[in-house]
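Below: final_15.csv (CSV, C-alpha atoms and all ligand atoms)
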chain,number,residue,atom,x,y,z
A,1131,MET,CA,0.0,0.0,0.0
A,1132,THR,CA,1.2,3.6,-0.6
A,1133,THR,CA,1.9,6.0,2.2
A,1134,ALA,CA,-1.1,8.0,1.1
A,1135,GLU,CA,-3.4,5.0,1.3
A,1136,ILE,CA,-2.1,4.0,4.7
A,1137,LYS,CA,-2.6,7.6,6.0
A,1138,HIS,CA,-6.1,7.7,4.5
A,1139,PHE,CA,-7.1,5.0,7.0
A,1140,GLY,CA,-5.0,6.4,9.9
A,1141,LEU,CA,-2.8,3.3,10.0
A,1142,LYS,CA,0.8,3.0,11.1
A,1143,ALA,CA,1.8,0.7,8.2
A,1144,GLY,CA,0.3,-1.6,5.6
A,1145,PRO,CA,-1.6,-4.2,7.6
A,1146,PHE,CA,-1.3,-7.3,5.4
A,1147,THR,CA,2.4,-7.6,4.7
A,1148,LYS,CA,4.2,-11.0,4.8
A,1149,GLU,CA,7.0,-9.2,6.7
A,1150,ILE,CA,5.7,-10.0,10.1
A,1151,ASP,CA,8.1,-10.8,13.0
A,1152,ASP,CA,8.1,-14.4,14.4
A,1153,THR,CA,7.1,-12.9,17.8
A,1154,GLU,CA,4.1,-11.1,16.2
A,1155,LEU,CA,2.3,-13.9,14.5
A,1156,TRP,CA,-1.4,-14.4,14.9
A,1157,LEU,CA,-1.7,-17.5,17.2
A,1158,PRO,CA,-5.3,-18.1,18.3
A,1159,THR,CA,-5.8,-21.0,20.6
A,1160,SER,CA,-6.2,-23.5,17.8
A,1161,LYS,CA,-2.9,-22.5,16.2
A,1162,ARG,CA,-1.1,-22.2,19.5
A,1163,GLY,CA,-2.1,-25.9,20.1
A,1164,ILE,CA,-0.5,-26.9,16.9
A,1165,VAL,CA,2.7,-25.0,17.7
A,1166,GLU,CA,2.8,-26.8,21.1
A,1167,GLU,CA,2.3,-30.2,19.4
A,1168,ILE,CA,5.2,-29.6,17.0
A,1169,VAL,CA,7.4,-28.5,19.9
A,1170,GLU,CA,6.5,-31.6,21.8
A,1171,VAL,CA,7.3,-33.8,18.8
A,1172,ALA,CA,10.8,-32.3,18.7
A,1173,GLN,CA,11.2,-32.7,22.4
A,1174,ALA,CA,10.2,-36.3,22.2
A,1175,ARG,CA,12.7,-36.8,19.3
A,1176,GLU,CA,9.9,-38.0,17.1
A,1177,SER,CA,9.0,-37.1,13.5
A,1178,MET,CA,5.9,-35.7,11.9
A,1179,GLY,CA,4.0,-34.6,8.8
A,1180,ILE,CA,2.2,-31.3,8.5
A,1181,PHE,CA,-0.3,-31.0,5.7
A,1182,GLY,CA,-2.4,-28.2,4.5
A,1183,ASP,CA,-3.7,-26.2,1.4
A,1184,PRO,CA,-1.6,-23.3,0.1
A,1185,GLY,CA,-1.6,-20.2,2.3
A,1186,VAL,CA,-3.2,-21.7,5.4
A,1187,GLY,CA,-0.1,-20.8,7.4
A,1188,LYS,CA,2.2,-23.8,7.5
A,1189,ASN,CA,5.4,-21.8,7.3
A,1190,CYS,CA,4.2,-19.2,9.8
A,1191,LEU,CA,3.5,-22.1,12.3
A,1192,LEU,CA,7.0,-23.4,11.7
A,1193,ARG,CA,8.4,-19.9,12.4
A,1194,ALA,CA,6.6,-19.8,15.7
A,1195,VAL,CA,8.1,-23.3,16.5
A,1196,ARG,CA,11.5,-22.0,15.6
A,1197,HIS,CA,11.0,-19.3,18.2
A,1198,ALA,CA,9.8,-21.8,20.8
A,1199,LEU,CA,12.8,-24.2,20.5
A,1200,SER,CA,16.0,-23.4,22.4
A,1201,PRO,CA,18.9,-23.2,19.9
A,1202,LYS,CA,21.1,-24.7,22.7
A,1203,GLU,CA,19.1,-27.9,22.6
A,1204,PHE,CA,17.8,-28.1,19.1
A,1205,ARG,CA,19.5,-27.6,15.7
A,1206,LEU,CA,16.9,-26.7,13.2
A,1207,THR,CA,17.6,-27.2,9.5
A,1208,TYR,CA,15.2,-25.9,6.9
A,1209,CYS,CA,15.3,-27.3,3.4
A,1210,GLN,CA,12.9,-25.7,0.9
A,1211,ASN,CA,13.9,-27.0,-2.4
A,1212,ALA,CA,12.3,-30.4,-2.6
A,1213,THR,CA,12.5,-30.8,-6.3
A,1214,LEU,CA,16.0,-32.2,-6.3
A,1215,GLY,CA,17.1,-35.8,-7.0
A,1216,ARG,CA,18.6,-37.8,-4.1
A,1217,ARG,CA,22.2,-36.7,-4.5
A,1218,ASP,CA,21.4,-33.0,-4.9
A,1219,PHE,CA,19.0,-33.3,-2.0
A,1220,TYR,CA,21.8,-34.5,0.3
A,1221,ARG,CA,24.1,-31.9,-1.1
A,1222,GLN,CA,21.5,-29.2,-0.1
A,1223,LEU,CA,21.2,-30.8,3.3
A,1224,CYS,CA,25.0,-30.7,3.8
A,1225,GLN,CA,25.1,-27.1,2.8
A,1226,ALA,CA,22.3,-26.3,5.2
A,1227,LEU,CA,24.3,-28.1,8.0
A,1228,GLY,CA,27.4,-26.1,7.1
A,1229,LEU,CA,29.3,-29.2,5.9
A,1230,THR,CA,31.5,-29.3,2.8
A,1231,PRO,CA,29.5,-31.2,0.2
A,1232,SER,CA,31.3,-34.2,-1.3
A,1233,ALA,CA,30.9,-35.6,-4.8
A,1234,THR,CA,29.1,-38.9,-4.4
A,1235,ALA,CA,25.7,-39.6,-3.0
A,1236,ALA,CA,27.2,-42.2,-0.6
A,1237,ALA,CA,29.8,-39.7,0.7
A,1238,LEU,CA,27.1,-37.0,1.1
A,1239,PHE,CA,24.8,-39.4,3.0
A,1240,HIS,CA,27.7,-40.4,5.2
A,1241,ALA,CA,28.6,-36.8,6.0
A,1242,VAL,CA,25.0,-36.0,7.1
A,1243,THR,CA,24.6,-39.1,9.3
A,1244,GLN,CA,28.1,-38.5,10.8
A,1245,HIS,CA,27.1,-34.9,11.6
A,1246,VAL,CA,23.8,-36.1,13.2
A,1247,SER,CA,25.7,-38.5,15.4
A,1248,GLU,CA,28.1,-35.8,16.5
A,1249,LEU,CA,25.3,-33.5,17.4
A,1250,ALA,CA,23.9,-36.2,19.6
A,1251,GLN,CA,27.2,-36.4,21.5
A,1252,GLN,CA,27.0,-32.6,22.0
A,1253,ARG,CA,23.4,-33.1,23.3
A,1254,GLN,CA,21.9,-31.1,20.4
A,1255,HIS,CA,18.9,-32.6,18.7
A,1256,PRO,CA,18.7,-32.0,15.0
A,1257,VAL,CA,15.3,-31.2,13.5
A,1258,PHE,CA,15.2,-31.4,9.7
A,1259,ILE,CA,12.3,-29.5,8.2
A,1260,LEU,CA,11.6,-30.4,4.6
A,1261,ASP,CA,9.2,-27.9,3.1
A,1262,GLU,CA,7.1,-28.4,-0.1
A,1263,ALA,CA,7.7,-32.1,0.5
A,1264,HIS,CA,4.8,-33.1,-1.9
A,1265,LEU,CA,7.4,-32.2,-4.6
A,1266,LEU,CA,10.0,-34.6,-3.4
A,1267,HIS,CA,11.4,-37.0,-6.0
A,1268,GLN,CA,10.4,-40.5,-5.4
A,1269,ASP,CA,14.0,-41.6,-5.1
A,1270,THR,CA,14.6,-39.1,-2.3
A,1271,LEU,CA,11.4,-40.1,-0.6
A,1272,ASP,CA,12.5,-43.8,-0.8
A,1273,HIS,CA,15.6,-42.9,1.0
A,1274,LEU,CA,14.4,-40.7,3.8
A,1275,HIS,CA,13.6,-43.4,6.3
A,1276,ILE,CA,17.1,-44.7,5.9
A,1277,LEU,CA,18.3,-41.3,7.1
A,1278,MET,CA,16.3,-41.8,10.3
A,1279,ASN,CA,18.1,-45.1,11.1
A,1280,TYR,CA,20.9,-44.8,13.7
A,1281,GLU,CA,22.6,-47.7,15.4
A,1282,TRP,CA,20.7,-50.5,13.8
A,1283,ASP,CA,17.5,-48.4,13.9
A,1284,SER,CA,17.6,-48.3,17.7
A,1285,LYS,CA,18.2,-44.6,18.2
A,1286,ALA,CA,16.2,-41.5,17.5
A,1287,LEU,CA,18.9,-39.1,16.7
A,1288,LEU,CA,17.0,-37.0,14.3
A,1289,SER,CA,13.5,-35.5,14.0
A,1290,LEU,CA,12.1,-35.2,10.5
A,1291,ILE,CA,9.3,-32.8,9.8
A,1292,LEU,CA,7.8,-33.1,6.3
A,1293,VAL,CA,5.6,-30.2,5.3
A,1294,GLY,CA,3.4,-30.1,2.2
A,1295,LEU,CA,0.1,-29.9,0.5
A,1296,PRO,CA,-2.6,-32.4,1.2
A,1297,GLU,CA,-1.5,-34.6,-1.6
A,1298,LEU,CA,1.6,-35.4,0.4
A,1299,LEU,CA,-0.5,-37.3,2.9
A,1300,GLU,CA,-2.0,-39.3,0.1
A,1301,ARG,CA,1.4,-40.0,-1.3
A,1302,LEU,CA,2.8,-41.1,2.0
A,1303,ALA,CA,-0.1,-43.4,2.6
A,1304,LEU,CA,0.9,-45.4,-0.6
A,1305,LYS,CA,2.3,-48.8,0.1
A,1306,ARG,CA,5.7,-47.8,-1.4
A,1307,ASN,CA,6.2,-45.1,1.2
A,1308,ARG,CA,5.0,-47.0,4.2
A,1309,SER,CA,8.5,-47.3,5.7
A,1310,LEU,CA,8.7,-43.6,6.0
A,1311,PHE,CA,5.0,-43.0,6.8
A,1312,THR,CA,5.1,-45.3,9.8
A,1313,ARG,CA,8.1,-43.4,11.1
A,1314,LEU,CA,6.2,-40.1,11.1
A,1315,HIS,CA,4.6,-40.5,14.5
A,1316,HIS,CA,2.4,-37.5,14.2
A,1317,ARG,CA,0.3,-36.2,11.3
A,1318,VAL,CA,-1.2,-32.8,11.6
A,1319,ILE,CA,-3.7,-31.3,9.1
A,1320,ILE,CA,-3.9,-27.5,9.1
A,1321,ASP,CA,-7.4,-26.6,8.2
A,1322,PRO,CA,-8.4,-23.6,6.2
A,1323,LEU,CA,-9.7,-20.7,8.3
A,1324,THR,CA,-13.3,-20.7,9.4
A,1325,PRO,CA,-15.4,-17.5,8.9
A,1326,GLU,CA,-14.8,-16.6,12.6
A,1327,ASP,CA,-11.1,-17.1,12.1
A,1328,THR,CA,-11.1,-14.8,9.1
A,1329,ALA,CA,-12.8,-12.1,11.1
A,1330,GLU,CA,-10.3,-12.6,14.0
A,1331,TYR,CA,-7.3,-12.6,11.6
A,1332,LEU,CA,-8.5,-9.3,10.1
A,1333,ARG,CA,-8.9,-7.7,13.5
A,1334,PHE,CA,-5.5,-9.0,14.5
A,1335,ARG,CA,-3.7,-7.7,11.4
A,1336,LEU,CA,-5.4,-4.3,11.6
A,1337,GLY,CA,-4.9,-4.0,15.4
A,1338,ARG,CA,-1.1,-4.5,14.8
A,1339,VAL,CA,-1.0,-1.3,12.8
A,1340,GLY,CA,-3.0,0.7,15.2
A,1341,CYS,CA,-6.5,0.3,14.0
A,1342,ASP,CA,-9.0,-0.3,16.8
A,1343,ARG,CA,-12.2,0.1,14.8
A,1344,GLU,CA,-13.9,-2.1,12.2
A,1345,LEU,CA,-12.5,-1.2,8.8
A,1346,PHE,CA,-14.5,-3.9,6.9
A,1347,THR,CA,-18.3,-4.1,7.1
A,1348,ALA,CA,-19.7,-7.5,8.1
A,1349,ASP,CA,-20.8,-8.1,4.5
A,1350,ALA,CA,-17.3,-7.4,3.2
A,1351,VAL,CA,-15.8,-9.8,5.7
A,1352,ALA,CA,-18.2,-12.5,4.7
A,1353,LEU,CA,-17.3,-12.0,1.0
A,1354,LEU,CA,-13.6,-11.9,1.7
A,1355,HIS,CA,-13.9,-15.2,3.5
A,1356,GLU,CA,-15.8,-16.7,0.7
A,1357,ALA,CA,-13.2,-15.5,-1.9
A,1358,ALA,CA,-10.1,-16.5,0.1
A,1359,GLN,CA,-11.5,-19.9,1.1
A,1360,GLY,CA,-9.6,-19.9,4.4
A,1361,SER,CA,-6.2,-19.1,2.9
A,1362,MET,CA,-4.4,-16.3,4.8
A,1363,ARG,CA,-2.2,-15.5,1.8
A,1364,ASP,CA,-5.4,-14.8,-0.2
A,1365,ILE,CA,-6.9,-12.8,2.6
A,1366,ASP,CA,-3.8,-10.7,2.6
A,1367,ARG,CA,-3.9,-10.1,-1.1
A,1368,LEU,CA,-7.7,-9.5,-1.4
A,1369,ALA,CA,-8.0,-7.3,1.7
A,1370,THR,CA,-5.1,-5.2,0.5
A,1371,ARG,CA,-6.7,-4.7,-2.9
A,1372,ALA,CA,-10.0,-3.9,-1.3
A,1373,LEU,CA,-8.4,-1.3,1.1
A,1374,ARG,CA,-6.7,0.4,-1.9
A,1375,LEU,CA,-9.9,0.5,-3.8
A,1376,ALA,CA,-11.8,2.0,-0.9
A,1377,ALA,CA,-9.0,4.6,-0.4
A,1378,ARG,CA,-9.1,5.5,-4.1
A,1379,THR,CA,-12.9,6.2,-3.8
A,1380,LYS,CA,-12.3,8.2,-0.6
A,1381,LYS,CA,-14.2,5.7,1.5
A,1382,LYS,CA,-13.2,5.2,5.2
A,1383,LEU,CA,-14.8,1.7,5.3
A,1384,VAL,CA,-14.3,-1.3,3.1
A,1385,GLU,CA,-17.7,-2.4,1.8
A,1386,LYS,CA,-19.2,-5.3,0.0
A,1387,ASP,CA,-19.0,-3.6,-3.4
A,1388,HIS,CA,-15.2,-3.2,-3.0
A,1389,LEU,CA,-14.9,-6.9,-2.5
A,1390,ILE,CA,-17.1,-7.6,-5.5
A,1391,ALA,CA,-14.9,-5.4,-7.6
A,1392,VAL,CA,-11.7,-7.0,-6.3
A,1393,ARG,CA,-13.1,-10.4,-7.1
A,1394,GLN,CA,-14.0,-9.4,-10.6
A,1395,GLU,CA,-10.5,-7.9,-11.3
A,1396,ALA,CA,-8.8,-11.1,-10.0
A,1397,PRO,CA,-11.0,-14.1,-10.2
A,1398,SER,CA,-9.9,-16.9,-7.9
B,1,LIG,N1,0.1,-17.0,12.1
B,1,LIG,C1,0.1,-16.1,11.2
B,1,LIG,N2,0.1,-14.8,11.6
B,1,LIG,C2,0.1,-13.8,10.7
B,1,LIG,N3,0.1,-14.0,9.4
B,1,LIG,C3,0.1,-15.2,8.9
B,1,LIG,C4,0.0,-16.3,9.8
B,1,LIG,N4,0.0,-17.5,9.1
B,1,LIG,C5,0.0,-17.1,7.8
B,1,LIG,N5,0.0,-15.7,7.7
B,1,LIG,C6,0.0,-15.0,6.4
B,1,LIG,O1,-0.4,-15.8,5.4
B,1,LIG,C7,0.7,-15.9,4.4
B,1,LIG,C8,0.8,-17.4,4.0
B,1,LIG,O2,1.2,-18.2,5.1
B,1,LIG,P1,2.3,-19.4,4.9
B,1,LIG,O3,3.4,-18.9,4.0
B,1,LIG,O4,2.7,-19.8,6.3
B,1,LIG,O5,1.4,-20.5,4.2
B,1,LIG,P2,1.8,-21.9,3.7
B,1,LIG,O6,0.7,-22.8,4.3
B,1,LIG,O7,3.2,-22.2,4.0
B,1,LIG,O8,1.5,-21.9,2.2
B,1,LIG,P3,2.2,-22.7,0.9
B,1,LIG,O9,1.6,-24.1,1.0
B,1,LIG,O10,1.7,-22.0,-0.3
B,1,LIG,O11,3.7,-22.6,1.1
B,1,LIG,C9,2.0,-15.4,5.2
B,1,LIG,O12,2.9,-14.8,4.3
B,1,LIG,C10,1.4,-14.4,6.1
B,1,LIG,O13,1.2,-13.2,5.5
B,2,MG,MG,4.8,-22.8,2.7
Serialized structure, structure tokens:
Amino acid sequence: MTTAEIKHFGLKAGPFTKEIDDTELWLPTSKRGIVEEIVEVAQARESMGIFGDPGVGKNCLLRAVRHALSPKEFRLTYCQNATLGRRDFYRQLCQALGLTPSATAAALFHAVTQHVSELAQQRQHPVFILDEAHLLHQDTLDHLHILMNYEWDSKALLSLILVGLPELLERLALKRNRSLFTRLHHRVIIDPLTPEDTAEYLRFRLGRVGCDRELFTADAVALLHEAAQGSMRDIDRLATRALRLAARTKKKLVEKDHLIAVRQEAPS
């Protein structure tokens, strides 16, 4: 949003930016419960899968988890490029761990497992987060459960957190992937926002930038929810467009017609 548009509504900043600090995330009771569950999984040295539609807030939940885990006890590694073959996947993991990547797949794998064992000796528990895991190559997926085996599969030295769209859950449930699936002790589905959540999220975002009045009419909120279908990313986008439209027409309130216009300009 432009400075003039922000000023028009008497706000301190654009309300729906993705540049929100980890400590300032919207965490209603339902989301706080999920953060606690993920933290408990890491503390129990277990592994999990997190599934949800685009924009429902999977990454933001992980950012809240990152904030909740002590860096002294946990070593979080985040891998976001899941589209790599097995060797490049391990090379990426080596880089993320600060190791010098070797040439062969076997050497890369060895370096990662060696590092995980060393961390255990230093009493640091590694947590590997693999984002966009629905895109993982099958040969990488086939190998992941082997990465979780330590000392004849008798030690849990590593927590693996696979994050992806709902189709990841379907894929993991296939017979071929059962070795991995059975090692993911917890499976969490992040639901899209309910209409009440959407209203609360809007209030939260607007409150953060100094707005303590309703800026969207109830009709506008209902339409926004319908258009965004519970995706926070879509709420951010559509609500910003609607605010800009209202500012352009010198309105202090976002109304139903603004949302109708926004939906027409960008059908979703
Ligand atoms: N807890 C939250 N507090 C504030 N804003 C949030 C929160 N969760 C999500 N958002 C907003 O929604 C946007 C999308 O969230 P996020 O990137 O976490 O979704 P995602 O589920 O990882 O989506 P994708 O599957 O497309 O990667 C964020 O950039 C942020 O603007
Ligand atoms: Mg994401």
In Å and to one decimal, atom CA of Lys1148 of chain A is distant from atom O5 of ligand LIG 1 (chain B) by 9.9 Å
Quick one: everything within 12 Å of segment 1327-1332 of chain A, counting all atoms listed in the file, minus sequence neighbours fewer than 3 positions away in the same chain. Send it as a ChimeraX atom specification.
-> /A:1145-1146,1155-1161,1186-1187,1321-1324,1335-1339,1341-1366,1368-1370
Would you mind reading off the distance between atom CA of Phe1311 of chain A and atom CA of Val1257 of chain A, one decimal, in Å?
->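 Interatomic distance here is 17.0 Å.
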Using all atoms listed in the file, which residues sit within 10 Å of segment 1300-1304 of chain A once same-chain residues fewer than 3 positions away are excluded, as a ChimeraX atom specification?
-> /A:1179,1264,1268,1271,1295-1297,1307-1312,1314
For the residues in the current selection, export C-alpha atoms as a short mmCIF file (atom, residue, chain, number, x, y, z; two decimals), keeping the file's coordinate frame.
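Generated output (result.cif):
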data_model
loop_
_atom_site.label_atom_id
_atom_site.label_comp_id
_atom_site.auth_asym_id
_atom_site.auth_seq_id
_atom_site.Cartn_x
_atom_site.Cartn_y
_atom_site.Cartn_z
CA GLY A 1179 4.00 -34.60 8.80
CA HIS A 1264 4.80 -33.10 -1.90
CA GLN A 1268 10.40 -40.50 -5.40
CA LEU A 1271 11.40 -40.10 -0.60
CA LEU A 1295 0.10 -29.90 0.50
CA PRO A 1296 -2.60 -32.40 1.20
CA GLU A 1297 -1.50 -34.60 -1.60
CA ASN A 1307 6.20 -45.10 1.20
CA ARG A 1308 5.00 -47.00 4.20
CA SER A 1309 8.50 -47.30 5.70
CA LEU A 1310 8.70 -43.60 6.00
CA PHE A 1311 5.00 -43.00 6.80
CA THR A 1312 5.10 -45.30 9.80
CA LEU A 1314 6.20 -40.10 11.10
#
In terms of the shortest atom-to-atom distance over only C-alpha atoms and all ligand atoms, which of A:Thr1133, A:Gln1252, A:Ser1200, A:Asn1189 is closest to ligand MG 2 (chain B)?
->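 Among A:Thr1133, A:Gln1252, A:Ser1200, A:Asn1189, it is A:Asn1189 that comes nearest to ligand MG 2 (chain B).
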If we count all atoms listed in the file, what is near Arg1221 of chain A at a cut-off of 9 Å, once residues fewer than 6 positions away on the same chain are taken out, given as a PyMOL selection string?
-> chain A and resi 1230-1233+1235+1238-1239
Skipping near chain neighbours, those fewer than 4 positions away, what residues fall within 8 Å of Phe1139 of chain A using only C-alpha atoms, listed as a PyMOL selection string?
-> chain A and resi 1135+1377+1382
Residues within 7 Å of ligand MG 2 (chain B) should be enumerated using all atoms listed in the file and returned as a count of residues only.
-> 6
Which is closer to ligand LIG 1 (chain B) than all the others in A:Leu1288, A:Ile1320, A:Val1242, A:Cys1209, using all atoms listed in the file?
->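 That would be A:Ile1320, the residue with the smallest distance to ligand LIG 1 (chain B).
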Quote the spacing between atom CA of Leu1274 of chain A and atom P2 of ligand LIG 1 (chain B) in Å to one decimal place.
->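 Computing it gives 22.6 Å between the two atoms.
Nearest to Gly1294 of chain A of all the residues A:Leu1277, A:Met1178, A:Ala1376, A:Ala1236 is A:Met1178, counting all atoms listed in the file.
Proximity to Glu1170 of chain A was assessed for A:Lys1202, A:His1316, A:Pro1325, A:Phe1258 counting all atoms listed in the file; the smallest distance is recorded for A:His1316.
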Tell me which of A:Ala1143, A:Ala1194, A:Ile1168, A:Val1392 sits closest to ligand LIG 1 (chain B), counting all atoms listed in the file.
-> A:Ala1194
From the list A:Arg1193, A:Arg1253, A:His1267, A:Lys1137, which residue is nearest Leu1214 of chain A when using all atoms listed in the file?
->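 Ranked by minimum distance to Leu1214 of chain A, first place goes to A:His1267.
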Quick one: everything within 12 Å of Tyr1280 of chain A, counting only C-alpha atoms, minus sequence neighbours fewer than 3 positions away in the same chain. Send it as an NGL selection string.
-> :A and (1240 or 1242-1248 or 1250 or 1275-1277 or 1283-1289)
Complete the atoms of segment 1250-1261 of chain A to N, CA and C atoms and put them out as a short mmCIF file (atom, residue, chain, number, x, y, z; two decimals), in the coordinates of the input.
data_model
loop_
_atom_site.label_atom_id
_atom_site.label_comp_id
_atom_site.auth_asym_id
_atom_site.auth_seq_id
_atom_site.Cartn_x
_atom_site.Cartn_y
_atom_site.Cartn_z
N ALA A 1250 24.41 -35.45 18.47
CA ALA A 1250 23.90 -36.20 19.60
C ALA A 1250 24.87 -36.21 20.77
N GLN A 1251 26.15 -36.35 20.40
CA GLN A 1251 27.20 -36.40 21.50
C GLN A 1251 27.24 -34.99 22.15
N GLN A 1252 26.95 -33.94 21.38
CA GLN A 1252 27.00 -32.60 22.00
C GLN A 1252 25.61 -32.25 22.62
N ARG A 1253 24.75 -33.24 22.70
CA ARG A 1253 23.40 -33.10 23.30
C ARG A 1253 22.57 -32.02 22.55
N GLN A 1254 22.76 -31.96 21.24
CA GLN A 1254 21.90 -31.10 20.40
C GLN A 1254 21.07 -31.99 19.53
N HIS A 1255 19.77 -31.76 19.55
CA HIS A 1255 18.90 -32.60 18.70
C HIS A 1255 18.61 -31.98 17.39
N PRO A 1256 18.99 -32.64 16.27
CA PRO A 1256 18.70 -32.00 15.00
C PRO A 1256 17.25 -32.25 14.53
N VAL A 1257 16.68 -31.18 14.02
CA VAL A 1257 15.30 -31.20 13.50
C VAL A 1257 15.42 -30.80 12.02
N PHE A 1258 15.16 -31.74 11.10
CA PHE A 1258 15.20 -31.40 9.70
C PHE A 1258 13.78 -31.09 9.21
N ILE A 1259 13.60 -29.88 8.71
CA ILE A 1259 12.30 -29.50 8.20
C ILE A 1259 12.37 -29.54 6.65
N LEU A 1260 11.58 -30.37 6.04
CA LEU A 1260 11.60 -30.40 4.60
C LEU A 1260 10.25 -29.82 4.10
N ASP A 1261 10.36 -28.62 3.55
CA ASP A 1261 9.20 -27.90 3.10
C ASP A 1261 8.82 -28.32 1.67
#
